[in-house]
Structures are given as structure tokens and as C-alpha cells.
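Worksheet for the structure shown next.
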Amino acid sequence: METLGFLMDGFAVALQPENLMFALLGAFLGTLIGALPGLGPANGVAILIPLAFTLGLRPETALIMLTAVYAGAMYGGRISSILLNIPGDEPAMMTCLDGYPMARKGKAAEALAISAVASFMGSLIATIGLILLAPILARFALTFGPAEYFALFLLAFATLGGITGKNPMKTVVAACIGLMIATVGIDNTGVQRFTFGALELYEGVDFIIAIVGLFAISELLFFIEDKAGGGKEKMQVNKLKLSFADLRAIMPSCFRGGFLGFIAGVLPGAGASLGSFIGYTLEKKMVGKKGYFGEGDPRGVAGPEAGNNGASSGALVPMLTLGVPGSGTTAVLLALLISMNITPGPLMFTQNADIVWGVIAALLIGNFLLLVLNIPLVGIFVKLLSVPPRYLLPIVTMIAFVGIYSISNTTFDLYFMVAFGVAGYIFRKLEIPLVPIILGLLLGPEMEKNLRHALDLADGDWSVLWESGLAIGLWVFAGLGLILPYILGPLLRRRMGKAMEEGPTAD
Amino acid sequence: MTSLNDRIFGVLMIVLALAYGWGATQLPEPFGGSEAVGPETFPLLLAIGLGLSSLYLVVRPDPDNAWPWSRTGLELIIAVVVLIFYALLLQPLGFIISTTLAVGLLSWRMGAQPKVAFITGALAGVVVFLIFNFALDLALPLGLLDFLEVN
């Protein structure tokens with residue numbers, strides 16, 4: 001019941017008019033970001049971080065706004081899936097399978113409304129899960145010593161590629177690069193490392209600059225390469241005709257999808273893509289021959305959408321309780337926390353309880369706002385979606401420039417950002433994942449600090465790192481995280497690929 | 001299909017790992033004597049990690065993604081040059097003019113009509129400038145237009 005009291009305090013924070021306003025703004029911007037193909041949630045949140053700084057927001061307000069953006073992006077991803085058969089982001093892929101056929105049958109509005117309701121249900125279930133699970137996990141995490149934390153960080157890197165990831169070795173390469181960049185600057189012992197005497201590097205590389213450069217600038221370059229500036233065909237949305245019975249029919253799918261998605265989100269290495277995939281395949285199995293999946297079955301929209309949103313809320317659990325994010329977007333949210341001088345992890349639940357519970361309450365409120373926003377306003381989002389990227393992306397880039405510039409008012413940071421953008425483009429071409437680089441940048445200092453503490457306590461005896469049972473367990477899981485993708489990865493990818501082929505893309 | 005990309009990248013990263021690792025051994029001892037974990041310990045671990053994982057890329061590379069040569073490659077270089085000049089000219093020319101030029105050029109190169117592109121750039125520049133200066137109270141540089149300054 002203690003939790004309930006905290007949650008009430010959280011609502012008191014989140015319902016302050018200012019916070020509520022920014023939650024609404026975030027939800028709107030997030031839906032927009034999610035809807036635009038290519039501008040994924042991690043990217044969108046990254047661009048908005050400098051904005052949160054320049055607005056001079058209080059930490060809880062900034063976090064509430066960006067959490068709303070995060071939730072909104074997951075809602076937005078489905079709009080282009082359903083209307084255009086182009087997923088706005090990867091987890092929205094499964095929504096294409098039945099969403100697009102529904103739209104082609106002239107039921108676009110119904111598909112959008114069902115997916116909005118399913119998203120809401122998925123998030124709601126997962127947020128309740130978060131409320132129940134997070135305090136327990138945080139209490140458990142208090143027993144972690146420095147050696148366990150060091151192993152936990154390794155686990156986070158090892159599982160970041162996910163079970164469906166292509167080449168885990170590239171994750172290792174990326175993580176090392178990120179950690180190396182993090183060592184630039186003056187370290188804990190007061191020694192300058194890899195600064196080459198440049199004054200700008202004494203305080204290290206600002207990860208916000210790196211994140212915005214890696215995501216936003218490289219995205220612009222990819223759009224130019226794909227010559228995708230032209231935008232898409234015009235879309236029509238019919239008038240909504242949805243009865244209560246239709247909604248009741250999809251409720252079981254929502255519950256199943258949301259619950260499975262939450263579990264997939266909490267577990268390291270699974271993530272939202274797997275959440276929506278499991279949501280879809282389970283629906284197909286459960287309904288069996290009675291369904292008409294792949295031809296516009298509403299349950300085929302509800303299942304993966306609930307799974308997708310459930311997973312994205314679930315992914316907040318490790319980020320808030322352990323300080324170890326499980327996905328790209330939660331990594332970017334972690335960046336925000338660190339730059340606001342809040343140490344994420346179990347202590348946050350006691351030291352910054354107002355922020356944590358404010359965010360959790362904001363997640364609930366944000367989802368409600370999104371449901372209210374999404375059903376009547378879907379027409380506006382559809383209109384905005386037809387703004388061609390050739391205007392949109394240069395403007396997004398410009399906003400990234402202004403944001404970075406306004407943090408420190410120096411152009412040096414801008415060159416740095418462009419350099420990161422070019423590097424990001426090359427990395428993406430080589431299929432080196434960007435998220436481990438960012439996670440390395442974020443976790444590097446903590447990881448080194450924990451290594452130092454652990455070894456100082458043990459008088460330089462390295463075996464302390466795998467002495468406790470808990471640490472050994474973490475090491476084993478980290479090892480599995482690297483090996484399993486080689487065994488299970490091709491199998492799962494083939495099944496996901498097959499599901500896609502059976503879907504509407506085949507015709 | 002070749003796998004040259006990963007091999008070249010792997011070799012470059014091995015070189016980086018060696019240089020970085022060597023750099024780490026050259027770091028001075030911290031004030032107050034050496035410790036169990038000095039400033040060089042963690043970097044050395046990273047150098048080993050990067051070296052080994054890069055070696056794997058050299059030995060077992062993935063198939064290549066094609067690089068955009070010729071026209072598209074040139075467009076990419078133009079875009080990067082535009083961004084560099086945007087950063088370079090932001091203060092001397094001021095935010096509005098440099099944004100008009102940068103956003104205009106980028107949209108034009110992405111296929112918009114030149115006139116529409118530059119109007120979009122100018123509009124975006126003015127709107128963002130007004131928002132930042134008046135609503136957010138953050139001064140963006142006016143540059144050449146500083147005769148417009150209202151105080």
C-alpha cells in the first residue's frame with residue numbers, strides 16, 4: 001500500500017498544470033515523430049532533449065514531457081503502418097499485416113481506432129506491471145555491490161542487440177567505441193585522458209551532441225541517399241463506424257498482447273519488436289482457423305499493437321530501477337536523467353521519489369491523453385504525414401542545430417555534431433548498431449567507477465568480479481546474450497520474415 | 001557480393017585499439033601513487049575488447065552494403081558541406097540568413113522547387129528565431145541583421 005501512496009504523490013506532480021501541458025505537448029509531438037517514417041522514437045526524443053534544456057524545464061517536467069513523447073511515438077508508429085503499409089518504426093511492422101488490409105477494405109478509421117485502443121490497453125497493463133514490479137526490483141537492486149553492477153553493465157551491452165540481432169560482435173565493437181569515447185576527458189583520479197590538449201575535451205564528449213549527431217544528422221544523409229524526399233501518395237480516411245461490440249471483441253487480444261509485451265520489454269534482449277511479434281503470433285494461434293489473419297482481422301491489429309506498447313512501457317522497468325536501459329529510446333531517456341544530475345538506479349526510488357512516481361503517473365496520464373488525442377485528431381496527423389520529407393528533414397536538422405547551439409553557444413559543438421552524423425552514417429552502412437555506442441558513452445563513467453570500487457575493496461584481486469552467486473549469474477546471462485543470437489537469431493528472423501511474406505506485402 | 005567493408009573497418013579499428021591502448025599506457029601516474037585501478041586499466045580492457053571483436057570482423061565479415069558513388073555520393077558530400085558551412089556562418093551571418101540558406105539548399109537538393117525551398121527556409125528561420133528570442137528568451141545571433149535589434 002506504500003506504493004499506492006507514492007503513486008498518489010506522483011499524480012500530484014503529474015497533474016500540475018505546467019506538467020500536464022508539457023505532457024500534452026509531448027504526446028502530440030511524439031505521435032507526429034512516430035508517424036513520420038524514418039524518424040523513430042529514439043531519434044525524436046534525442047532531438048527534443050536540447051529543447052527541454054533550452055526551455056529551462058525542471059527535471060520532472062522535462063522527464064514527463066519526454067516520457068509522453070516516448071509513449072506518443074509508439075502510438076504514431078501505427079498510422080503509416082495502417083495507411084501506407086510502411087511501418088513508422090520497427091515494432092510497428094507487425095501492425096502492417098492486418099492493418100493495411102483493413103485500410104484497403106475501406107476500414108482505415110476502424111483500424112486506427114482499434115490500434116489506438118489496443119495501444120492504450122497495452123500501455124495500461126504494462127504501466128500497472130511497472131508500478132507493481134519496479135519497487136520490488138529496486139529494493140532487490142540495493143543489494144548489488146560494485147562487482148555486480150559491473151557485471152550488470154556487461155549484461156546490458158551483451159543483450160542490447162537482442163535475440164534477433166544480426167551480428168553480436170558488431171554490438172561489442174560498437175560498445176567498445178562508445179566506452180572509449182566516454183574515457184575522453186579528466187578521469188576520477190584527475191588524470192587527463194585522450195584530450196590531446198584541447199580545452200573543449202577536458203570535460204569529455206557531451207553525449208547529447210553525440211546522440212543528436214548520430215541519429216538526426218545520419219537520418220538526413222540516409223534520406224538524401226534514398227532519394228526519399230518526395231513523400232507519399234495522398235491518403236483517405238473514412239468515417240469511423242465502431243460499435244461497442246467491436247471493441248469488446250478485441251479486448252482479450254489486448255490483454256494477451258499487453259501482458260506478453262510487458263514481459264518482453266522487461267527482459268533484457270527482447271524489446272518491442274519481439275513484443276509485437278509474439279503478440280501477433282499468439283493471436284494467430286489462439287484464434288486459430290476462425291480468424292482471417294493477414295486479410296484484415298481486427299484482432300491482428302490489436303494483438304501486436306498492445307504488445308508493442310506493453311513492451312515499450314516494460315522497457316522502462318530496467319531503466320528506472322537499475323539504471324540500465326534495454327532499448328535505444330530508454331537509453332536516450334537515461335541520457336536526459338544523467339544530464340539533469342539524477343543518478344538512475346535503485347536509489348532514485350528513495351532520493352528522487354517525486355520524479356520517478358511523477359513519471360510513472362505521467363505515463364498513465366499520457367496514455368489517456370493519447371487515446372483522447374488520437375481518435376478525433378487522427379485526421380490532422382494524417383495531413384501532417386503528407387508533408388514531404390524534403391521540407392521536413394532540413395527543418396528537423398535545423399532544430400537540432402539550434403538546440404545544440406543553445407546549450408553552450410559555441411559553434412565547436414556543431415562541428416562535433418556534424419562529425420558524429422557522418423560517423424553515424426558510416427556505422428549504419430556497416431551495420432554497426434548505434435545504440436551500444438550511446439549506451440557506452442552513457443554508462444562508461446559508471447562502469448569504470450564500479451570496477452575501481454570493486455577492485456579497491458578487494459585490494460586489486462580481479463576474482464572479486466565473479467565471486468558472488470549473483471555476479472556469476474549476471475556473467476552467465478551476458479555470455480548467453482552474446483551466444484544465443486547465433487543459435488536462435490536466424491530461426492526467429494526467418495519466422496518473422498515468413499510472417500511478413502504471408503502478409504499483405506506479398507500482393 | 002564482397003565483404004571488403006567489414007574487413008577494412010575491422011583493420012582500422014584494430015589500429016585504433018592499438019593506438020588507444022598504447023596511449024593508455026603512456027598516461028601519467030595519478031597524484032598520490034598508483035592504485036589497483038589506475039587511469040589506464042579500464043582503457044586497456046577496452047582496447048583488448050575492441051581489438052578482439054574487430055579481429056572477428058576481419059576474419060568473418062558480413063556481406064557489404066553498397067556505397068553510393070557518383071551522383072548520390074556527391075549529393076551526400078554537398079549536404080555535409082552545407083552543414084559545415086551552416087555551423088561556420090551561423091554567427092557571422094546571423095541565424096535567419098544562415099538558416100534560410102542552409103534549409104533552402106538542403107530542401108532544394110532533396111528535390112524541392114528552388115523558390116519554394118528557400119521560402120520554406122526563410123519562414124522556418126524567422127519563426128524559430130522569434131520563438132527562441134521572445135518566447136524562450138534565448139538570444140540567437142542576428143549577425144548581418146543586427147540593425148533590426150530591438151532593445
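We name chains A, B, ... following the order of the C-alpha cells; residues begin at 1 in each chain, and ligands are numbered from 1 as shown.
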
Would you mind listing, as number ranges by chain, all residues of chain B that have at least one atom within 6 Å of chain A, where only C-alpha atoms are what counts?
B: 30, 36-37, 46, 50, 53, 72, 87, 103, 107, 110

Can you pull out the residues contacting Ile278 (chain A)? Cut-off 9 Å, using only C-alpha atoms, and skip same-chain residues under 5 positions away; I want them as a ChimeraX atom specification.
/A:257,260-261,264,273,283,303-304,307

Next, dump the selected residues to file, keeping only N, CA and C atoms, as a CSV table (one decimal), in the first residue's frame.
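Once everything was written out, this is again_8.csv:
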```
chain,number,residue,atom,x,y,z
A,257,GLY,N,-1.8,-9.5,-25.6
A,257,GLY,CA,-0.7,-8.7,-26.2
A,257,GLY,C,0.0,-7.9,-25.2
A,260,LEU,N,2.1,-10.0,-22.6
A,260,LEU,CA,3.3,-10.6,-23.2
A,260,LEU,C,4.3,-9.5,-23.6
A,261,GLY,N,3.8,-8.4,-24.1
A,261,GLY,CA,4.7,-7.3,-24.4
A,261,GLY,C,5.4,-6.8,-23.2
A,264,ALA,N,8.2,-9.1,-22.5
A,264,ALA,CA,9.3,-8.9,-23.5
A,264,ALA,C,10.0,-7.6,-23.2
A,273,SER,N,10.1,-5.0,-30.7
A,273,SER,CA,9.9,-5.7,-31.9
A,273,SER,C,9.4,-7.1,-31.6
A,283,GLU,N,-1.9,-14.4,-31.1
A,283,GLU,CA,-3.2,-14.1,-31.5
A,283,GLU,C,-3.6,-15.1,-32.6
A,303,GLY,N,-3.6,-7.2,-31.2
A,303,GLY,CA,-2.6,-8.0,-30.6
A,303,GLY,C,-1.2,-7.4,-30.6
A,304,PRO,N,-0.6,-7.2,-31.8
A,304,PRO,CA,0.7,-6.6,-31.9
A,304,PRO,C,0.8,-5.2,-31.4
A,307,GLY,N,1.0,-5.4,-27.7
A,307,GLY,CA,2.3,-6.0,-27.4
A,307,GLY,C,3.4,-4.9,-27.5
```

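Non-sequential neighbours of Lys115 (chain B) (distance at most 12 Å, separation of 4 or more positions within a chain, only C-alpha atoms) are Thr100, Leu101, Gly104, Leu105, Ser107, Trp108, Gly111, Ile119, Thr120, Gly121 and Ala122 of chain B.
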
Please produce a file of the residues just selected, as a compact mmCIF listing (two decimals), in the first residue's frame, where the atoms kept are N, CA and C atoms.
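Result file is part-v2.txt:
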```
# COMPACT_ATOMS: atom_id res chain seq x y z
N THR B 100 18.05 30.31 -43.68
CA THR B 100 17.43 30.38 -45.00
C THR B 100 18.29 29.65 -46.02
N LEU B 101 19.59 29.96 -45.98
CA LEU B 101 20.50 29.35 -46.95
C LEU B 101 20.59 27.84 -46.74
N GLY B 104 17.14 26.01 -47.19
CA GLY B 104 16.79 26.15 -48.60
C GLY B 104 17.61 25.23 -49.48
N LEU B 105 18.94 25.27 -49.28
CA LEU B 105 19.82 24.43 -50.10
C LEU B 105 19.50 22.96 -49.91
N SER B 107 16.67 21.47 -48.87
CA SER B 107 15.39 21.06 -49.46
C SER B 107 15.49 21.05 -50.97
N TRP B 108 16.21 22.03 -51.52
CA TRP B 108 16.35 22.09 -52.97
C TRP B 108 17.08 20.84 -53.47
N GLY B 111 15.12 17.82 -53.74
CA GLY B 111 14.15 17.73 -54.83
C GLY B 111 13.03 18.76 -54.82
N ILE B 119 11.92 29.76 -49.67
CA ILE B 119 10.86 30.39 -48.87
C ILE B 119 10.63 29.58 -47.59
N THR B 120 10.61 28.24 -47.74
CA THR B 120 10.49 27.38 -46.55
C THR B 120 11.59 27.68 -45.56
N GLY B 121 12.83 27.78 -46.08
CA GLY B 121 13.98 28.07 -45.22
C GLY B 121 13.81 29.38 -44.48
N ALA B 122 13.41 30.43 -45.22
CA ALA B 122 13.28 31.75 -44.61
C ALA B 122 12.19 31.73 -43.55
```

When you count only C-alpha atoms, which of these residues is closest to Ile8 (chain B): B:Ala139, B:Val81, B:Ile96, B:Leu57?
B:Leu57

With only C-alpha atoms as the counted atoms, please give the residues lying no more than 6 Å from region 14-26 of chain B, apart from itself and same-chain residues fewer than 6 positions off, as a list in words.
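Near neighbours after the sequence-gap exclusion: Glu40, Leu44, Ala47 and Gly51 of chain B.
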
Next, dump the selected residues to file, keeping only C-alpha atoms, as a compact mmCIF listing (two decimals), in the first residue's frame.
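Final file, result-v8.txt:
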```txt
# COMPACT_ATOMS: atom_id res chain seq x y z
CA GLU B 40 44.98 3.18 -17.72
CA LEU B 44 43.39 -1.18 -21.64
CA ALA B 47 41.49 -1.76 -26.22
CA GLY B 51 40.90 -5.42 -30.81
```

Need the shell around region 88-95 of chain B: protein/DNA/RNA residues with any atom at most 9 Å away, counting only C-alpha atoms. Skip same-chain ones fewer than 3 positions apart. Format as a PDB file with N, CA and C atoms, in the first residue's frame?
```pdb
ATOM      1  N   VAL A 402      19.912  24.334 -33.713  1.00  0.00           N
ATOM      2  CA  VAL A 402      19.595  25.377 -32.734  1.00  0.00           C
ATOM      3  C   VAL A 402      19.678  24.826 -31.322  1.00  0.00           C
ATOM      4  N   THR A 411      30.097  27.268 -31.639  1.00  0.00           N
ATOM      5  CA  THR A 411      29.952  26.532 -32.885  1.00  0.00           C
ATOM      6  C   THR A 411      30.792  25.260 -32.872  1.00  0.00           C
ATOM      7  N   LEU A 414      28.772  22.307 -32.799  1.00  0.00           N
ATOM      8  CA  LEU A 414      28.065  21.998 -34.042  1.00  0.00           C
ATOM      9  C   LEU A 414      28.939  21.181 -34.978  1.00  0.00           C
ATOM     10  N   TYR A 415      30.226  21.545 -35.074  1.00  0.00           N
ATOM     11  CA  TYR A 415      31.123  20.741 -35.914  1.00  0.00           C
ATOM     12  C   TYR A 415      31.181  19.314 -35.388  1.00  0.00           C
TER      13      TYR A 415
ATOM     14  N   LEU B  83      26.111  21.619 -44.148  1.00  0.00           N
ATOM     15  CA  LEU B  83      26.002  21.616 -42.683  1.00  0.00           C
ATOM     16  C   LEU B  83      27.216  22.279 -42.043  1.00  0.00           C
ATOM     17  N   ILE B  84      28.413  21.984 -42.599  1.00  0.00           N
ATOM     18  CA  ILE B  84      29.618  22.593 -42.023  1.00  0.00           C
ATOM     19  C   ILE B  84      29.569  24.113 -42.189  1.00  0.00           C
ATOM     20  N   PHE B  85      29.145  24.547 -43.404  1.00  0.00           N
ATOM     21  CA  PHE B  85      29.077  25.989 -43.616  1.00  0.00           C
ATOM     22  C   PHE B  85      27.993  26.635 -42.763  1.00  0.00           C
ATOM     23  N   SER B  98      21.548  32.476 -42.291  1.00  0.00           N
ATOM     24  CA  SER B  98      22.216  31.192 -42.484  1.00  0.00           C
ATOM     25  C   SER B  98      21.195  30.048 -42.549  1.00  0.00           C
ATOM     26  N   THR B  99      20.101  30.159 -41.771  1.00  0.00           N
ATOM     27  CA  THR B  99      19.086  29.105 -41.826  1.00  0.00           C
ATOM     28  C   THR B  99      18.374  29.101 -43.177  1.00  0.00           C
ATOM     29  N   THR B 100      18.052  30.307 -43.676  1.00  0.00           N
ATOM     30  CA  THR B 100      17.429  30.381 -44.996  1.00  0.00           C
ATOM     31  C   THR B 100      18.292  29.651 -46.017  1.00  0.00           C
ATOM     32  N   GLY B 125      13.336  29.868 -40.531  1.00  0.00           N
ATOM     33  CA  GLY B 125      14.322  30.665 -39.805  1.00  0.00           C
ATOM     34  C   GLY B 125      13.665  31.745 -38.973  1.00  0.00           C
ATOM     35  N   VAL B 126      12.749  32.493 -39.601  1.00  0.00           N
ATOM     36  CA  VAL B 126      12.119  33.606 -38.884  1.00  0.00           C
ATOM     37  C   VAL B 126      11.279  33.082 -37.722  1.00  0.00           C
ATOM     38  N   PHE B 129      13.472  31.788 -34.944  1.00  0.00           N
ATOM     39  CA  PHE B 129      14.147  32.922 -34.312  1.00  0.00           C
ATOM     40  C   PHE B 129      13.205  33.645 -33.361  1.00  0.00           C
ATOM     41  N   LEU B 140      19.439  34.183 -30.169  1.00  0.00           N
ATOM     42  CA  LEU B 140      20.181  33.593 -31.276  1.00  0.00           C
ATOM     43  C   LEU B 140      20.867  34.746 -31.992  1.00  0.00           C
ATOM     44  N   PRO B 141      22.031  34.492 -32.612  1.00  0.00           N
ATOM     45  CA  PRO B 141      22.756  35.604 -33.219  1.00  0.00           C
ATOM     46  C   PRO B 141      21.985  36.208 -34.395  1.00  0.00           C
ATOM     47  N   LEU B 142      21.966  37.541 -34.459  1.00  0.00           N
ATOM     48  CA  LEU B 142      21.320  38.226 -35.575  1.00  0.00           C
ATOM     49  C   LEU B 142      22.285  38.419 -36.733  1.00  0.00           C
ATOM     50  N   GLY B 143      23.576  38.541 -36.421  1.00  0.00           N
ATOM     51  CA  GLY B 143      24.586  38.677 -37.466  1.00  0.00           C
ATOM     52  C   GLY B 143      24.381  39.923 -38.307  1.00  0.00           C
ATOM     53  N   LEU B 144      24.285  39.726 -39.625  1.00  0.00           N
ATOM     54  CA  LEU B 144      24.160  40.857 -40.541  1.00  0.00           C
ATOM     55  C   LEU B 144      22.902  41.672 -40.283  1.00  0.00           C
ATOM     56  N   LEU B 145      21.929  41.024 -39.679  1.00  0.00           N
ATOM     57  CA  LEU B 145      20.651  41.723 -39.488  1.00  0.00           C
ATOM     58  C   LEU B 145      20.590  42.453 -38.146  1.00  0.00           C
ATOM     59  N   ASP B 146      21.743  42.663 -37.512  1.00  0.00           N
ATOM     60  CA  ASP B 146      21.651  43.176 -36.140  1.00  0.00           C
ATOM     61  C   ASP B 146      21.172  44.624 -36.053  1.00  0.00           C
TER      62      ASP B 146
END
```

Taking the chain letters and numbering used in this document, name the residues of region 2-75 of chain B that DSSP puts in helix (DSSP H, G or I), as number ranges by chain.
B: 4-25, 41-59, 70-75

Take the residues just selected and output them with N, CA and C atoms as a short mmCIF file (atom, residue, chain, number, x, y, z; two decimals), in the first residue's frame.
```
data_model
loop_
_atom_site.label_atom_id
_atom_site.label_comp_id
_atom_site.auth_asym_id
_atom_site.auth_seq_id
_atom_site.Cartn_x
_atom_site.Cartn_y
_atom_site.Cartn_z
N LEU B 4 34.36 -6.46 -48.26
CA LEU B 4 35.53 -5.62 -48.01
C LEU B 4 35.27 -4.61 -46.90
N ASN B 5 34.04 -4.08 -46.84
CA ASN B 5 33.73 -3.03 -45.85
C ASN B 5 34.14 -3.44 -44.45
N ASP B 6 33.63 -4.61 -44.04
CA ASP B 6 33.88 -5.05 -42.67
C ASP B 6 35.35 -5.29 -42.44
N ARG B 7 36.02 -5.84 -43.46
CA ARG B 7 37.45 -6.11 -43.29
C ARG B 7 38.23 -4.82 -43.10
N ILE B 8 37.96 -3.84 -43.98
CA ILE B 8 38.69 -2.58 -43.85
C ILE B 8 38.37 -1.92 -42.51
N PHE B 9 37.09 -1.90 -42.16
CA PHE B 9 36.68 -1.30 -40.90
C PHE B 9 37.35 -2.03 -39.72
N GLY B 10 37.36 -3.35 -39.81
CA GLY B 10 37.99 -4.14 -38.76
C GLY B 10 39.45 -3.79 -38.60
N VAL B 11 40.17 -3.69 -39.73
CA VAL B 11 41.60 -3.35 -39.66
C VAL B 11 41.78 -1.96 -39.04
N LEU B 12 40.95 -1.01 -39.50
CA LEU B 12 41.04 0.35 -38.94
C LEU B 12 40.81 0.34 -37.44
N MET B 13 39.82 -0.45 -37.00
CA MET B 13 39.51 -0.49 -35.57
C MET B 13 40.64 -1.16 -34.78
N ILE B 14 41.30 -2.16 -35.39
CA ILE B 14 42.44 -2.77 -34.70
C ILE B 14 43.54 -1.74 -34.52
N VAL B 15 43.77 -0.95 -35.58
CA VAL B 15 44.78 0.12 -35.48
C VAL B 15 44.39 1.08 -34.36
N LEU B 16 43.08 1.44 -34.33
CA LEU B 16 42.61 2.35 -33.28
C LEU B 16 42.84 1.75 -31.91
N ALA B 17 42.50 0.45 -31.78
CA ALA B 17 42.65 -0.22 -30.49
C ALA B 17 44.12 -0.19 -30.04
N LEU B 18 45.03 -0.45 -31.00
CA LEU B 18 46.45 -0.44 -30.65
C LEU B 18 46.88 0.95 -30.23
N ALA B 19 46.51 1.96 -31.03
CA ALA B 19 46.92 3.33 -30.72
C ALA B 19 46.35 3.76 -29.38
N TYR B 20 45.07 3.43 -29.15
CA TYR B 20 44.39 3.81 -27.91
C TYR B 20 45.04 3.09 -26.72
N GLY B 21 45.30 1.80 -26.90
CA GLY B 21 45.92 1.04 -25.83
C GLY B 21 47.31 1.56 -25.51
N TRP B 22 48.08 1.88 -26.56
CA TRP B 22 49.41 2.44 -26.35
C TRP B 22 49.30 3.77 -25.63
N GLY B 23 48.33 4.60 -26.09
CA GLY B 23 48.11 5.90 -25.44
C GLY B 23 47.80 5.73 -23.96
N ALA B 24 47.04 4.68 -23.64
CA ALA B 24 46.65 4.45 -22.25
C ALA B 24 47.87 4.12 -21.39
N THR B 25 48.82 3.35 -21.95
CA THR B 25 50.00 3.01 -21.15
C THR B 25 50.88 4.22 -20.91
N THR B 41 43.81 1.35 -16.57
CA THR B 41 43.28 -0.02 -16.51
C THR B 41 42.07 -0.22 -17.41
N PHE B 42 41.07 0.63 -17.21
CA PHE B 42 39.82 0.47 -17.97
C PHE B 42 40.06 0.66 -19.47
N PRO B 43 40.80 1.72 -19.88
CA PRO B 43 41.10 1.84 -21.31
C PRO B 43 41.81 0.62 -21.89
N LEU B 44 42.70 0.00 -21.11
CA LEU B 44 43.39 -1.18 -21.64
C LEU B 44 42.40 -2.32 -21.89
N LEU B 45 41.45 -2.49 -20.96
CA LEU B 45 40.42 -3.52 -21.16
C LEU B 45 39.65 -3.24 -22.44
N LEU B 46 39.31 -1.96 -22.64
CA LEU B 46 38.55 -1.59 -23.83
C LEU B 46 39.35 -1.87 -25.09
N ALA B 47 40.65 -1.55 -25.05
CA ALA B 47 41.49 -1.76 -26.22
C ALA B 47 41.51 -3.25 -26.58
N ILE B 48 41.59 -4.10 -25.54
CA ILE B 48 41.59 -5.54 -25.81
C ILE B 48 40.24 -5.96 -26.40
N GLY B 49 39.14 -5.45 -25.80
CA GLY B 49 37.81 -5.79 -26.30
C GLY B 49 37.62 -5.38 -27.75
N LEU B 50 38.00 -4.14 -28.06
CA LEU B 50 37.83 -3.66 -29.43
C LEU B 50 38.72 -4.43 -30.39
N GLY B 51 39.96 -4.69 -29.95
CA GLY B 51 40.90 -5.42 -30.81
C GLY B 51 40.37 -6.79 -31.18
N LEU B 52 39.89 -7.53 -30.17
CA LEU B 52 39.42 -8.89 -30.43
C LEU B 52 38.16 -8.90 -31.29
N SER B 53 37.20 -8.02 -30.96
CA SER B 53 35.95 -8.03 -31.72
C SER B 53 36.19 -7.56 -33.16
N SER B 54 37.15 -6.62 -33.34
CA SER B 54 37.46 -6.18 -34.70
C SER B 54 38.15 -7.29 -35.49
N LEU B 55 38.98 -8.04 -34.79
CA LEU B 55 39.65 -9.16 -35.44
C LEU B 55 38.61 -10.14 -35.98
N TYR B 56 37.55 -10.33 -35.20
CA TYR B 56 36.47 -11.21 -35.65
C TYR B 56 35.86 -10.69 -36.95
N LEU B 57 35.67 -9.36 -37.02
CA LEU B 57 35.09 -8.78 -38.24
C LEU B 57 35.99 -9.02 -39.44
N VAL B 58 37.32 -8.97 -39.20
CA VAL B 58 38.26 -9.17 -40.31
C VAL B 58 38.18 -10.62 -40.78
N VAL B 59 38.08 -11.54 -39.82
CA VAL B 59 38.09 -12.96 -40.16
C VAL B 59 36.75 -13.40 -40.74
N SER B 70 29.18 8.15 -57.35
CA SER B 70 28.73 9.12 -58.37
C SER B 70 27.75 10.16 -57.83
N ARG B 71 26.59 10.33 -58.51
CA ARG B 71 25.68 11.43 -58.21
C ARG B 71 25.26 11.48 -56.75
N THR B 72 24.74 10.36 -56.26
CA THR B 72 24.20 10.36 -54.90
C THR B 72 25.31 10.64 -53.89
N GLY B 73 26.47 10.06 -54.12
CA GLY B 73 27.60 10.31 -53.24
C GLY B 73 27.93 11.79 -53.18
N LEU B 74 27.88 12.41 -54.37
CA LEU B 74 28.16 13.84 -54.45
C LEU B 74 27.12 14.64 -53.66
N GLU B 75 25.85 14.22 -53.81
CA GLU B 75 24.78 14.90 -53.06
C GLU B 75 25.04 14.82 -51.56
#
```

I need the residues in region 104-337 of chain A that are strand (DSSP E or B) according to DSSP; give them as a list of chain:residue names.
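After running DSSP on the backbone, region 104-337 of chain A has strand (DSSP E or B) at A:Gly185, A:Ile186, A:Gln192, A:Arg193.
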
Quick one: residues within 6 Å of region 111-124 of chain A, only C-alpha atoms, excluding same-chain residues fewer than 6 positions away - as a compact mmCIF listing (two decimals) with N, CA and C atoms, in the first residue's frame?
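As a result, around31.txt now contains:
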```txt
# COMPACT_ATOMS: atom_id res chain seq x y z
N GLY A 99 -3.40 -4.43 -40.48
CA GLY A 99 -3.85 -3.05 -40.51
C GLY A 99 -4.03 -2.55 -41.94
N CYS A 254 -6.11 -7.63 -26.62
CA CYS A 254 -5.36 -6.54 -25.99
C CYS A 254 -4.70 -7.03 -24.71
N GLY A 258 -0.76 -7.14 -24.38
CA GLY A 258 -0.15 -6.22 -23.42
C GLY A 258 0.69 -6.95 -22.40
N ALA A 302 -4.97 -5.51 -33.05
CA ALA A 302 -4.96 -5.25 -31.61
C ALA A 302 -3.80 -5.96 -30.91
N GLU A 305 -0.26 -4.40 -31.53
CA GLU A 305 -0.20 -3.02 -31.04
C GLU A 305 -0.13 -3.00 -29.51
N ALA A 306 -0.95 -3.86 -28.88
CA ALA A 306 -0.90 -3.93 -27.42
C ALA A 306 0.47 -4.44 -26.99
N ASN A 309 3.17 -1.62 -27.38
CA ASN A 309 3.14 -0.59 -26.34
C ASN A 309 3.42 -1.15 -24.96
N GLY A 310 3.00 -2.39 -24.74
CA GLY A 310 3.32 -3.04 -23.48
C GLY A 310 4.83 -3.15 -23.31
N ASN A 367 -0.97 8.27 -21.58
CA ASN A 367 -1.69 7.31 -22.39
C ASN A 367 -3.15 7.67 -22.54
N ILE A 375 -8.05 9.50 -31.35
CA ILE A 375 -9.23 9.12 -32.11
C ILE A 375 -9.82 10.32 -32.86
```

Please indicate the distance in Å from CA of Gly185 (chain A) to CA of Gly204 (chain A), rounded to one decimal place.
4.2 Å

For CA of Ala216 (chain A) and CA of Gly328 (chain A), the interatomic separation in Å (one decimal):
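Value for the CA of Ala216 (chain A)-CA of Gly328 (chain A) distance: 13.7 Å.
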
Nearest residue to Gly145 (chain A) from the set A:Leu334, A:Leu470, A:Val356, A:Leu369 (distances using only C-alpha atoms)
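Of A:Leu334, A:Leu470, A:Val356, A:Leu369, the one nearest Gly145 (chain A), counting only C-alpha atoms, is A:Leu470.
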
So what do you get for CA of Ala92 (chain A) versus CA of Asn374 (chain A), distance-wise?
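Result for CA of Ala92 (chain A) versus CA of Asn374 (chain A): 16.3 Å, one decimal.
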